[in-house]
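Student: Structure file structure_26.txt, compact mmCIF, C-alpha atoms and all ligand atoms, is pasted below:
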# COMPACT_ATOMS: atom_id res chain seq x y z
CA MET A 1 75.38 41.74 242.44
CA SER A 2 76.57 43.92 245.26
CA THR A 3 75.90 47.63 245.38
CA CYS A 4 78.47 49.84 243.68
CA SER A 5 80.76 46.98 242.63
CA LEU A 6 79.89 47.85 239.04
CA ALA A 7 80.27 51.59 239.37
CA SER A 8 83.58 51.62 237.54
CA PHE A 9 81.80 50.29 234.46
CA PHE A 10 79.75 53.47 234.31
CA PRO A 11 82.42 56.15 234.06
CA TRP A 12 80.05 58.94 233.20
CA ARG A 13 80.30 62.52 234.29
CA ARG A 14 77.46 64.41 235.96
CA VAL A 15 75.84 61.22 237.28
CA ARG A 16 76.34 58.80 240.16
CA ILE A 17 75.59 55.10 240.41
CA THR A 18 73.61 54.75 243.62
CA TYR A 19 72.26 51.22 243.46
CA THR A 20 72.75 48.00 241.53
CA ASN A 21 70.83 44.83 242.00
CA THR A 22 69.49 41.88 240.09
CA VAL A 23 65.81 41.41 239.48
CA GLU A 24 64.65 38.32 241.27
CA GLY A 25 63.90 35.39 239.03
CA SER A 26 65.33 37.02 235.93
CA ARG A 27 68.64 37.68 234.21
CA SER A 28 68.17 41.42 234.49
CA ALA A 29 70.03 43.87 236.68
CA ILE A 30 68.87 47.31 237.67
CA VAL A 31 71.37 50.13 237.94
CA ARG A 32 70.14 53.38 239.38
CA VAL A 33 71.73 56.44 237.83
CA GLU A 34 71.19 59.73 239.61
CA PRO A 35 72.40 63.22 238.87
CA ASP A 36 75.61 64.27 240.56
CA ARG A 37 74.22 67.24 242.41
CA ARG A 38 77.53 69.08 242.31
CA TYR A 39 76.75 69.98 238.70
CA ARG A 40 74.00 72.11 237.28
CA PRO A 41 72.03 70.29 234.62
CA ILE A 42 72.66 71.41 231.06
CA CYS A 43 70.29 71.68 228.07
CA HIS A 44 70.62 68.77 225.64
CA VAL A 45 70.23 71.14 222.68
CA CYS A 46 72.44 74.13 223.43
CA GLY A 47 74.58 72.78 226.27
CA LYS A 48 73.88 75.80 228.52
CA PRO A 49 72.98 75.24 232.19
CA GLY A 50 69.34 75.68 233.22
CA ALA A 51 67.09 75.57 236.25
CA ILE A 52 65.44 72.28 237.21
CA HIS A 53 61.83 72.18 236.10
CA ALA A 54 60.79 68.59 236.88
CA HIS A 55 62.24 65.23 237.92
CA THR A 56 61.44 62.29 235.67
CA ARG A 57 62.65 58.71 235.61
CA LYS A 58 63.05 56.34 232.73
CA PHE A 59 64.57 52.99 231.97
CA ILE A 60 67.41 52.79 229.48
CA ARG A 61 69.04 49.64 228.15
CA ASP A 62 72.80 49.30 228.39
CA LEU A 63 75.34 46.68 227.31
CA SER A 64 74.89 43.36 229.11
CA PHE A 65 77.34 42.40 231.83
CA GLY A 66 78.04 38.84 232.90
CA GLY A 67 74.96 37.59 231.13
CA PHE A 68 72.72 40.16 232.80
CA THR A 69 70.53 42.49 230.78
CA MET A 70 71.34 45.87 232.22
CA LEU A 71 68.50 48.26 232.86
CA LEU A 72 69.50 51.75 233.86
CA GLN A 73 66.94 53.56 235.92
CA VAL A 74 67.93 57.09 235.08
CA GLU A 75 66.76 60.22 236.77
CA HIS A 76 66.51 62.40 233.73
CA ARG A 77 65.47 65.90 234.65
CA LYS A 78 63.66 68.55 232.70
CA ILE A 79 65.08 72.05 232.83
CA ARG A 80 64.06 75.53 231.84
CA CYS A 81 66.64 76.61 229.33
CA HIS A 82 66.91 80.42 229.17
CA HIS A 83 68.97 80.24 226.03
CA CYS A 84 66.45 78.09 224.08
CA ARG A 85 63.54 79.71 225.94
CA LYS A 86 62.00 76.30 226.37
CA VAL A 87 61.64 73.43 228.77
CA ARG A 88 64.21 70.90 227.69
CA VAL A 89 65.47 67.51 228.80
CA GLU A 90 68.89 67.76 230.39
CA GLY A 91 71.85 66.58 228.35
CA LEU A 92 73.60 63.38 229.48
CA ALA A 93 76.86 62.08 228.02
CA PHE A 94 75.84 58.45 227.70
CA VAL A 95 72.40 58.65 226.09
CA ASP A 96 70.51 60.86 223.66
CA ALA A 97 67.55 62.82 224.98
CA SER A 98 64.93 60.63 223.31
CA ALA A 99 66.84 57.32 223.10
CA ARG A 100 66.05 54.19 225.08
CA VAL A 101 69.50 52.66 224.73
CA THR A 102 72.92 53.98 225.75
CA HIS A 103 75.38 55.24 223.16
CA ARG A 104 77.65 52.26 223.75
CA LEU A 105 74.87 49.72 223.28
CA ALA A 106 73.84 51.53 220.07
CA ALA A 107 77.45 51.49 218.85
CA TYR A 108 77.71 47.75 219.51
CA ALA A 109 74.42 47.04 217.71
CA ALA A 110 75.52 49.14 214.73
CA GLN A 111 78.85 47.26 214.60
CA LEU A 112 77.06 43.91 214.49
CA CYS A 113 74.82 45.17 211.68
CA LYS A 114 77.86 46.48 209.83
CA ALA A 115 79.47 43.06 210.13
CA GLY A 116 76.59 41.71 208.05
CA LEU A 117 74.25 40.30 210.70
CA SER A 118 70.58 40.84 210.00
CA VAL A 119 68.46 43.26 211.99
CA GLU A 120 66.47 40.30 213.29
CA VAL A 121 69.54 38.42 214.49
CA VAL A 122 71.03 41.46 216.21
CA ALA A 123 67.68 42.21 217.84
CA ARG A 124 67.44 38.68 219.19
CA HIS A 125 71.05 38.66 220.35
CA LEU A 126 70.70 41.93 222.27
CA ASP A 127 67.09 41.34 223.30
CA LEU A 128 65.99 44.54 221.60
CA ASP A 129 63.04 45.33 219.36
CA PRO A 130 63.99 44.94 215.66
CA LYS A 131 62.68 48.45 215.01
CA THR A 132 65.08 49.80 217.62
CA VAL A 133 68.00 47.98 216.00
CA LYS A 134 67.01 49.27 212.58
CA THR A 135 66.78 52.84 213.91
CA ILE A 136 70.23 52.50 215.49
CA ASP A 137 71.81 51.03 212.36
CA LYS A 138 70.16 53.63 210.13
CA ALA A 139 71.44 56.49 212.28
CA ALA A 140 74.99 55.07 212.14
CA LEU A 141 74.78 54.63 208.36
CA GLN A 142 73.29 58.07 207.93
CA ALA A 143 76.30 59.57 209.70
CA GLU A 144 78.72 57.66 207.46
CA PHE A 145 76.93 57.54 204.10
CA GLY A 146 74.09 60.05 204.37
CA GLN A 147 75.95 62.76 202.44
CA THR A 148 76.61 62.19 198.75
CA THR A 149 80.34 62.22 198.06
CA TYR A 150 80.92 63.68 194.62
CA ASP A 151 84.74 63.60 194.77
CA ASN A 152 86.79 62.32 191.82
CA LEU A 153 83.82 61.39 189.64
CA LYS A 154 84.81 61.10 185.99
CA ARG A 155 82.76 58.25 184.51
CA LEU A 156 79.39 57.10 185.75
CA ALA A 157 77.05 54.19 185.18
CA ILE A 158 73.38 54.87 185.86
CA ASP A 159 70.69 52.22 185.92
CA GLU A 160 67.46 51.28 187.59
CA ILE A 161 66.92 48.40 189.95
CA ALA A 162 63.59 46.80 190.77
CA VAL A 163 63.04 46.80 194.51
CA LYS A 164 59.53 45.47 194.88
CA LYS A 165 57.12 43.46 192.83
CA GLY A 166 55.22 45.66 190.43
CA HIS A 167 56.85 48.77 189.14
CA HIS A 168 58.91 49.95 192.05
CA TYR A 169 62.31 51.14 190.96
CA MET A 170 65.28 52.91 192.38
CA THR A 171 67.92 54.69 190.34
CA VAL A 172 71.51 53.77 191.18
CA VAL A 173 74.52 55.86 190.24
CA LEU A 174 77.87 54.11 190.23
CA ASP A 175 81.35 55.60 190.05
CA TYR A 176 82.48 53.52 187.11
CA ASP A 177 86.17 53.71 187.94
CA THR A 178 85.97 52.62 191.57
CA GLY A 179 82.70 50.64 191.65
CA ARG A 180 81.38 52.82 194.47
CA VAL A 181 77.62 53.34 194.73
CA VAL A 182 77.55 57.13 194.78
CA TRP A 183 73.84 57.75 195.05
CA MET A 184 70.45 56.08 195.07
CA GLY A 185 67.06 57.67 194.51
CA LYS A 186 63.48 56.46 194.50
CA GLY A 187 61.94 56.06 191.04
CA ARG A 188 63.50 56.37 187.60
CA GLN A 189 61.96 59.56 186.26
CA ASN A 190 63.41 62.93 185.33
CA ALA A 191 62.91 64.30 188.82
CA THR A 192 64.70 61.32 190.35
CA ILE A 193 67.94 61.71 188.44
CA ASP A 194 67.76 65.53 188.34
CA ALA A 195 68.05 65.50 192.12
CA PHE A 196 71.41 63.75 191.82
CA PHE A 197 72.89 66.13 189.26
CA GLU A 198 71.42 69.22 190.83
CA ALA A 199 73.34 68.69 194.06
CA MET A 200 76.56 67.91 192.18
CA PRO A 201 79.15 70.71 192.46
CA THR A 202 79.55 72.55 189.14
CA GLU A 203 83.25 71.71 188.73
CA VAL A 204 82.49 67.99 189.15
CA ARG A 205 79.60 68.20 186.70
CA GLU A 206 81.84 69.86 184.13
CA GLY A 207 84.47 67.16 184.60
CA ILE A 208 82.22 64.16 183.88
CA ALA A 209 83.60 62.53 180.72
CA ALA A 210 81.17 59.69 180.06
CA VAL A 211 77.99 58.13 181.42
CA ALA A 212 76.88 54.57 180.67
CA ILE A 213 73.10 54.21 180.54
CA ASP A 214 70.23 52.31 179.05
CA MET A 215 68.28 54.02 176.22
CA TRP A 216 65.91 55.47 178.77
CA GLU A 217 64.80 59.01 177.98
CA PRO A 218 64.81 60.48 181.51
CA TYR A 219 68.44 59.39 181.99
CA ILE A 220 69.48 60.57 178.52
CA ASN A 221 67.82 63.95 179.10
CA ALA A 222 69.44 64.36 182.49
CA VAL A 223 72.95 63.71 181.17
CA LYS A 224 72.43 66.08 178.23
CA ARG A 225 71.01 68.77 180.44
CA TRP A 226 73.46 68.64 183.34
CA CYS A 227 76.67 67.38 181.71
CA PRO A 228 76.41 68.43 178.05
CA GLN A 229 80.13 67.77 177.54
CA ALA A 230 79.84 64.13 178.70
CA ASP A 231 79.57 61.30 176.19
CA VAL A 232 76.45 59.19 176.58
CA VAL A 233 77.36 55.51 176.18
CA PHE A 234 74.50 53.11 175.57
CA ASP A 235 74.76 49.74 177.12
CA LEU A 236 74.86 46.67 174.87
CA PHE A 237 73.21 44.43 177.45
CA HIS A 238 69.97 46.45 177.45
CA VAL A 239 69.89 46.64 173.65
CA VAL A 240 70.35 42.88 173.34
CA LYS A 241 67.61 42.38 175.91
CA ALA A 242 65.23 44.60 173.91
CA PHE A 243 66.12 42.83 170.65
CA ASN A 244 65.56 39.43 172.27
CA LYS A 245 61.94 40.48 172.81
CA VAL A 246 61.66 41.32 169.09
CA ILE A 247 63.17 37.94 168.22
CA ASP A 248 60.73 36.11 170.43
CA ASN A 249 57.69 37.90 168.99
CA ILE A 250 58.76 37.19 165.41
CA ARG A 251 59.55 33.55 166.25
CA ASN A 252 56.03 33.19 167.68
CA GLU A 253 54.53 34.73 164.54
CA GLU A 254 56.49 32.35 162.34
CA PHE A 255 55.41 29.43 164.52
CA ARG A 256 51.73 30.34 164.06
CA LYS A 257 52.20 30.57 160.29
CA ALA A 258 54.33 27.43 159.94
CA GLY A 259 53.19 23.95 159.08
CA GLY A 260 54.78 20.54 158.87
CA ASP A 261 58.43 20.12 159.83
CA LEU A 262 59.07 23.74 160.66
CA ARG A 263 56.17 23.86 163.11
CA GLU A 264 57.55 20.81 164.93
CA LEU A 265 61.05 22.23 164.95
CA LEU A 266 59.90 25.59 166.30
CA LYS A 267 58.16 24.03 169.30
CA GLY A 268 60.15 24.90 172.41
CA SER A 269 62.83 26.66 170.36
CA LYS A 270 62.69 29.96 172.26
CA TYR A 271 66.01 29.48 174.05
CA LEU A 272 67.80 28.34 170.90
CA PHE A 273 67.32 31.89 169.64
CA LEU A 274 68.10 33.66 172.89
CA LYS A 275 71.24 31.76 173.86
CA ASN A 276 74.54 32.36 172.15
CA TRP A 277 75.59 29.76 169.59
CA GLY A 278 78.62 28.88 171.70
CA ASN A 279 76.40 28.00 174.68
CA LEU A 280 74.16 25.58 172.79
CA LYS A 281 74.50 21.83 173.03
CA ARG A 282 74.97 19.77 169.86
CA GLU A 283 71.28 18.82 169.54
CA GLY A 284 70.31 22.45 169.98
CA ARG A 285 72.65 23.55 167.23
CA VAL A 286 71.31 20.90 164.85
CA GLN A 287 67.71 21.93 165.57
CA LEU A 288 68.51 25.60 165.12
CA GLU A 289 70.32 24.97 161.84
CA GLU A 290 67.35 23.04 160.51
CA ILE A 291 65.00 25.89 161.45
CA LEU A 292 67.25 28.46 159.80
CA ASN A 293 67.43 26.35 156.63
CA LEU A 294 63.64 26.38 156.41
CA ASN A 295 62.87 30.00 157.22
CA GLU A 296 64.52 33.04 155.71
CA ARG A 297 63.15 35.63 158.12
CA LEU A 298 64.39 33.69 161.14
CA THR A 299 67.78 33.38 159.45
CA THR A 300 67.85 37.13 159.07
CA ILE A 301 66.96 37.88 162.68
CA TYR A 302 69.46 35.33 163.93
CA TRP A 303 72.14 36.99 161.86
CA LEU A 304 71.04 40.43 163.10
CA LYS A 305 71.26 39.24 166.69
CA ASP A 306 74.85 38.18 166.13
CA LEU A 307 75.74 41.36 164.29
CA LEU A 308 74.21 43.58 166.96
CA ALA A 309 76.78 42.60 169.57
CA HIS A 310 79.62 43.14 167.11
CA ILE A 311 78.70 46.81 166.72
CA TRP A 312 79.93 47.21 170.29
CA ASP A 313 83.22 45.46 169.54
CA TYR A 314 84.81 48.24 167.53
CA TYR A 315 87.34 50.77 168.71
CA TYR A 316 87.13 52.85 165.52
CA PRO A 317 83.94 54.90 165.21
CA GLY A 318 84.03 54.61 161.42
CA TRP A 319 83.78 50.83 161.56
CA ALA A 320 81.08 50.85 164.22
CA MET A 321 79.03 53.28 162.12
CA LYS A 322 79.49 51.13 159.03
CA MET A 323 78.37 48.04 160.91
CA LEU A 324 75.35 49.86 162.35
CA ALA A 325 74.35 51.09 158.87
CA GLU A 326 74.62 47.54 157.56
CA TRP A 327 72.46 46.25 160.38
CA CYS A 328 69.74 48.80 159.63
CA GLU A 329 69.94 48.09 155.90
CA VAL A 330 69.37 44.35 156.43
CA ALA A 331 66.50 45.02 158.84
CA ARG A 332 64.82 47.33 156.31
CA GLN A 333 65.32 44.84 153.50
CA ASP A 334 63.47 42.24 155.51
CA GLY A 335 60.74 44.81 156.06
CA HIS A 336 59.14 43.37 159.20
CA PRO A 337 57.69 46.39 161.04
CA ALA A 338 59.31 45.39 164.34
CA LEU A 339 62.73 45.15 162.69
CA VAL A 340 62.31 48.47 160.89
CA LYS A 341 61.23 50.08 164.14
CA PHE A 342 64.26 48.66 165.94
CA ALA A 343 66.56 49.95 163.19
CA GLU A 344 65.06 53.43 163.55
CA MET A 345 65.55 53.26 167.29
CA LEU A 346 69.23 52.33 166.85
CA GLU A 347 69.74 55.15 164.34
CA ARG A 348 68.18 57.68 166.70
CA HIS A 349 70.67 56.57 169.37
CA GLU A 350 73.67 56.22 167.10
CA TYR A 351 75.72 58.87 168.97
CA GLY A 352 75.66 56.81 172.17
CA ILE A 353 76.42 53.54 170.39
CA ILE A 354 79.42 54.99 168.58
CA SER A 355 80.75 56.64 171.77
CA HIS A 356 81.35 53.14 173.11
CA CYS A 357 84.41 53.10 170.83
CA LYS A 358 85.86 55.92 172.93
CA HIS A 359 84.64 54.80 176.35
CA GLN A 360 84.45 51.06 176.84
CA ILE A 361 82.02 51.32 179.72
CA HIS A 362 78.73 49.61 180.40
CA THR A 363 76.05 49.32 183.06
CA SER A 364 76.70 45.65 183.69
CA LYS A 365 78.95 46.81 186.53
CA LEU A 366 75.68 47.48 188.30
CA GLU A 367 74.95 43.77 188.27
CA GLY A 368 76.99 43.69 191.47
CA VAL A 369 74.32 45.87 193.03
CA ASN A 370 71.57 43.52 191.89
CA ASN A 371 73.38 40.57 193.37
CA LYS A 372 73.72 42.31 196.72
CA ILE A 373 70.09 43.37 196.80
CA LYS A 374 68.79 39.95 197.76
CA VAL A 375 71.24 39.70 200.62
CA ILE A 376 70.54 43.23 201.78
CA LYS A 377 66.80 42.71 201.56
CA ARG A 378 67.16 39.81 203.96
CA ILE A 379 69.37 41.58 206.47
CA ALA A 380 67.79 45.02 206.21
CA TYR A 381 64.31 44.18 207.32
CA GLY A 382 62.88 44.05 203.81
CA PHE A 383 62.18 47.10 201.70
CA HIS A 384 59.90 48.82 204.21
CA ASP A 385 62.31 51.72 204.38
CA LEU A 386 63.97 52.48 201.05
CA ASP A 387 66.22 55.14 202.59
CA TYR A 388 67.62 52.53 204.94
CA PHE A 389 67.94 50.07 202.07
CA ALA A 390 69.87 52.64 200.00
CA LEU A 391 72.25 53.30 202.90
CA LYS A 392 72.87 49.55 203.26
CA VAL A 393 73.68 49.30 199.53
CA LYS A 394 76.12 52.21 199.80
CA GLN A 395 77.75 50.50 202.77
CA ALA A 396 77.98 47.18 200.92
CA LEU A 397 79.49 48.72 197.77
CA PRO A 398 81.99 51.35 198.91
CA GLY A 399 84.22 50.76 195.86
CA ARG A 400 87.94 50.32 195.85
CA THR A 401 90.10 53.25 196.82
CA SER A 402 91.66 55.22 194.00
CA ASN A 403 95.14 53.89 194.94
CA ASN A 404 94.21 50.36 193.99
ZN ZN B 1 69.01 75.14 225.41
Will you turn the file into structure tokens for me?
Ligand SMILES: [Zn+2]
Tutor:
Amino acid sequence: MSTCSLASFFPWRRVRITYTNTVEGSRSAIVRVEPDRRYRPICHVCGKPGAIHAHTRKFIRDLSFGGFTMLLQVEHRKIRCHHCRKVRVEGLAFVDASARVTHRLAAYAAQLCKAGLSVEVVARHLDLDPKTVKTIDKAALQAEFGQTTYDNLKRLAIDEIAVKKGHHYMTVVLDYDTGRVVWMGKGRQNATIDAFFEAMPTEVREGIAAVAIDMWEPYINAVKRWCPQADVVFDLFHVVKAFNKVIDNIRNEEFRKAGGDLRELLKGSKYLFLKNWGNLKREGRVQLEEILNLNERLTTIYWLKDLLAHIWDYYYPGWAMKMLAEWCEVARQDGHPALVKFAEMLERHEYGIISHCKHQIHTSKLEGVNNKIKVIKRIAYGFHDLDYFALKVKQALPGRTSNN
């Protein structure tokens, strides 16, 4: 590489390219970047000119040219800034004061990450440390998604997602109407979700019409406290999931009590009770019917399971309430403590079950988030940095625009 032939590729003010050469035996090229002495150095914080305090040199990575890794040897001076009353690094147009890569290399790395390449792959491709790539990508995402956008929110879905083994959760807030991930916070407690509503502008808060959530007290309390006018809508999926646990416990109890044919039939019957009738194969249906013929309690819970989903089918609150009352009546008649307890739980949450008639919304929209998590975990360097992870999720689920 001949001296100065590359100068036009470094069109930066306040500096001069004084030397370019390749490093023997490697695919690296050194470019020396020196201050253009016609200019006074400026402070990287305030932009005011200052007096030179010390001369320092450092290496900065730039975009590769012609297969060569470009190393800029930059004379980066320190100045006494009278405005800041401090010794500062001078400001240069092509690199941040503390960065080890040029702005254009950072922009390229961020673009590759945005395109869906993993941090590891981008790091390998650009011969950078993965931590550097992650820092670059995070800074770019922070600029684009760091601020919560509260515009046009009317209906929300709030749910938790598990991010690590054990009990590590994040709370996700979705704009129900566009599918946009509005906000993510660590944990699933009162303080977590309060932080979201607290920063919400008052006029937006007052305009929230409905929020789909699980029957999880911290979320219920937050909606009631911050958006008292909003309808809480409980999600069927979570209720079915909770009732499936009740079904399984009672089925196990009945198995332990049973003898003879019923005991044989109940062996390995867990999924017959959890799956929908329509999804069972013929043999499964026959086995289930035989079980139900032999055991009244299991017949009742199977019927309750079916009825439960129908409560969410109604558009008229009166009918939904009637169906809910019937459900609770049957559960109480059976008298099993777990069924009675479940009925009481449903009655306590009746308001949010009935409001589904008015707002047909549910948290299953958040399943999209769960599906993306695995992919994002792989490309985003694991869950070491949950802030970075949250930014990647927001980037991956920007929602459709309101015109669509
Ligand atoms: Zn300054």
Student: Using all atoms listed in the file, what are the residues with an atom within 6 Å of ligand ZN 1 (chain B), set out as a list of chain:residue names?
Tutor: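 Answer in the requested format: A:Cys43, A:Val45, A:Cys46, A:Lys48, A:Cys81, A:His83, A:Cys84.
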Student: Would you give me, as a Markdown table, each residue of segment 43-160 of chain A having an atom within 12 Å of an atom of segment 361-368 of chain A, along with its shortest atom pair and that distance in Å to one decimal, using only C-alpha atoms and sorting by chain and residue number?
Tutor:
| residue | atom | partner | partner_atom | distance |
| --- | --- | --- | --- | --- |
| A:Lys154 | CA | A:Ile361 | CA | 11.9 |
| A:Arg155 | CA | A:Ile361 | CA | 8.5 |
| A:Leu156 | CA | A:Ile361 | CA | 8.8 |
| A:Ala157 | CA | A:Thr363 | CA | 5.4 |
| A:Ile158 | CA | A:Thr363 | CA | 6.8 |
| A:Asp159 | CA | A:Thr363 | CA | 6.7 |
| A:Glu160 | CA | A:Leu366 | CA | 9.1 |
Student: Let me make sure I understand: among A:Ala106, A:Leu71, A:Met215, A:Gly116, which one has the smallest atom-to-atom distance to Thr132 of chain A if we use only C-alpha atoms?
Tutor: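 Closest to Thr132 of chain A of all the choices is A:Ala106.
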Student: For atom CA of Val172 of chain A and atom CA of Val240 of chain A, determine how far apart the two atoms are, in Å to one decimal place.
Tutor: 20.9 Å
Student: Figure out the distance between atom CA of Phe59 of chain A and atom CA of Ser98 of chain A, please, to one decimal in Å.
Tutor: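 Distance between the two atoms: 11.6 Å.
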Student: Quick one: everything within 6 Å of segment 9-18 of chain A, counting all atoms listed in the file, minus sequence neighbours fewer than 6 positions away in the same chain. Send it as a ChimeraX atom specification.
Tutor: /A:32-36
Student: Edge lengths and centre in Å to one decimal, as JSON, is what I'm after for the box along x, y and z that holds all listed atoms of segment 277-282 of chain A once 4 Å is added on each side.
Tutor:
{"center_x": 76.4, "center_y": 24.8, "center_z": 172.1, "size_x": 12.5, "size_y": 18.0, "size_z": 13.1}
Student: Between A:His310, A:His167, A:Arg225, A:His336, which residue has the minimum interatomic distance to Leu324 of chain A, considering only C-alpha atoms?
Tutor: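 So, comparing all the options, the nearest one is A:His310.
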Student: May I have the residues within 10 Å of Ile247 of chain A as an NGL selection string, using only C-alpha atoms and disregarding those fewer than 3 positions away in the same chain?
Tutor: :A and (241-244 or 250-253 or 270 or 273-274 or 298 or 301-302 or 304-305 or 338-339)
Student: When distances are computed from only C-alpha atoms, which of A:His356, A:His44, A:Arg57, A:Lys114 shows the smallest separation from Asp96 of chain A?
Tutor: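 Looking at the shortest contact to Asp96 of chain A, the residue is A:His44.
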Student: Give me the residues within 8 Å of Leu272 of chain A as a ChimeraX atom specification, counting all atoms listed in the file and dropping any in the same chain fewer than 6 places off.
Tutor: /A:280,284-285,288
Student: Which of these, A:Asp62, A:Lys165, A:Trp327, A:Arg378, has the shortest distance to Leu117 of chain A once you count all atoms listed in the file?
Tutor: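 Closest residue, counting all atoms listed in the file: A:Arg378.
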Student: Could you tell me which of A:Ile136, A:Ala143, A:Ala212, A:Val121 comes closest to Lys358 of chain A if we count all atoms listed in the file?
Tutor: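 Residue with the minimum atom-to-atom distance to Lys358 of chain A: A:Ala212.
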Student: With all atoms listed in the file as the basis for distance, which of A:Leu128, A:Val95, A:Met184, A:Ala209 is at the shortest distance from Val163 of chain A?
Tutor: A:Met184
Student: What gap, in Å, lies between atom CA of Pro398 of chain A and atom CA of Met200 of chain A?
Tutor: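 Result for atom CA of Pro398 of chain A versus atom CA of Met200 of chain A: 18.7 Å, one decimal.
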Student: Which residues come within 12 Å of Ala29 of chain A, counting all atoms listed in the file, excluding same-chain residues fewer than 3 positions away, as number ranges by chain?
Tutor: A: 1-3, 6, 19-26, 32, 59-73
Student: How would the residues just picked look written out with C-alpha atoms as a PDB file, keeping the file's coordinate frame?
Tutor:
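Dumped to again.pdb:
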ATOM      1  CA  MET A   1      75.380  41.740 242.440  1.00  0.00           C
ATOM      2  CA  SER A   2      76.570  43.920 245.260  1.00  0.00           C
ATOM      3  CA  THR A   3      75.900  47.630 245.380  1.00  0.00           C
ATOM      4  CA  LEU A   6      79.890  47.850 239.040  1.00  0.00           C
ATOM      5  CA  TYR A  19      72.260  51.220 243.460  1.00  0.00           C
ATOM      6  CA  THR A  20      72.750  48.000 241.530  1.00  0.00           C
ATOM      7  CA  ASN A  21      70.830  44.830 242.000  1.00  0.00           C
ATOM      8  CA  THR A  22      69.490  41.880 240.090  1.00  0.00           C
ATOM      9  CA  VAL A  23      65.810  41.410 239.480  1.00  0.00           C
ATOM     10  CA  GLU A  24      64.650  38.320 241.270  1.00  0.00           C
ATOM     11  CA  GLY A  25      63.900  35.390 239.030  1.00  0.00           C
ATOM     12  CA  SER A  26      65.330  37.020 235.930  1.00  0.00           C
ATOM     13  CA  ARG A  32      70.140  53.380 239.380  1.00  0.00           C
ATOM     14  CA  PHE A  59      64.570  52.990 231.970  1.00  0.00           C
ATOM     15  CA  ILE A  60      67.410  52.790 229.480  1.00  0.00           C
ATOM     16  CA  ARG A  61      69.040  49.640 228.150  1.00  0.00           C
ATOM     17  CA  ASP A  62      72.800  49.300 228.390  1.00  0.00           C
ATOM     18  CA  LEU A  63      75.340  46.680 227.310  1.00  0.00           C
ATOM     19  CA  SER A  64      74.890  43.360 229.110  1.00  0.00           C
ATOM     20  CA  PHE A  65      77.340  42.400 231.830  1.00  0.00           C
ATOM     21  CA  GLY A  66      78.040  38.840 232.900  1.00  0.00           C
ATOM     22  CA  GLY A  67      74.960  37.590 231.130  1.00  0.00           C
ATOM     23  CA  PHE A  68      72.720  40.160 232.800  1.00  0.00           C
ATOM     24  CA  THR A  69      70.530  42.490 230.780  1.00  0.00           C
ATOM     25  CA  MET A  70      71.340  45.870 232.220  1.00  0.00           C
ATOM     26  CA  LEU A  71      68.500  48.260 232.860  1.00  0.00           C
ATOM     27  CA  LEU A  72      69.500  51.750 233.860  1.00  0.00           C
ATOM     28  CA  GLN A  73      66.940  53.560 235.920  1.00  0.00           C
TER      29      GLN A  73
END
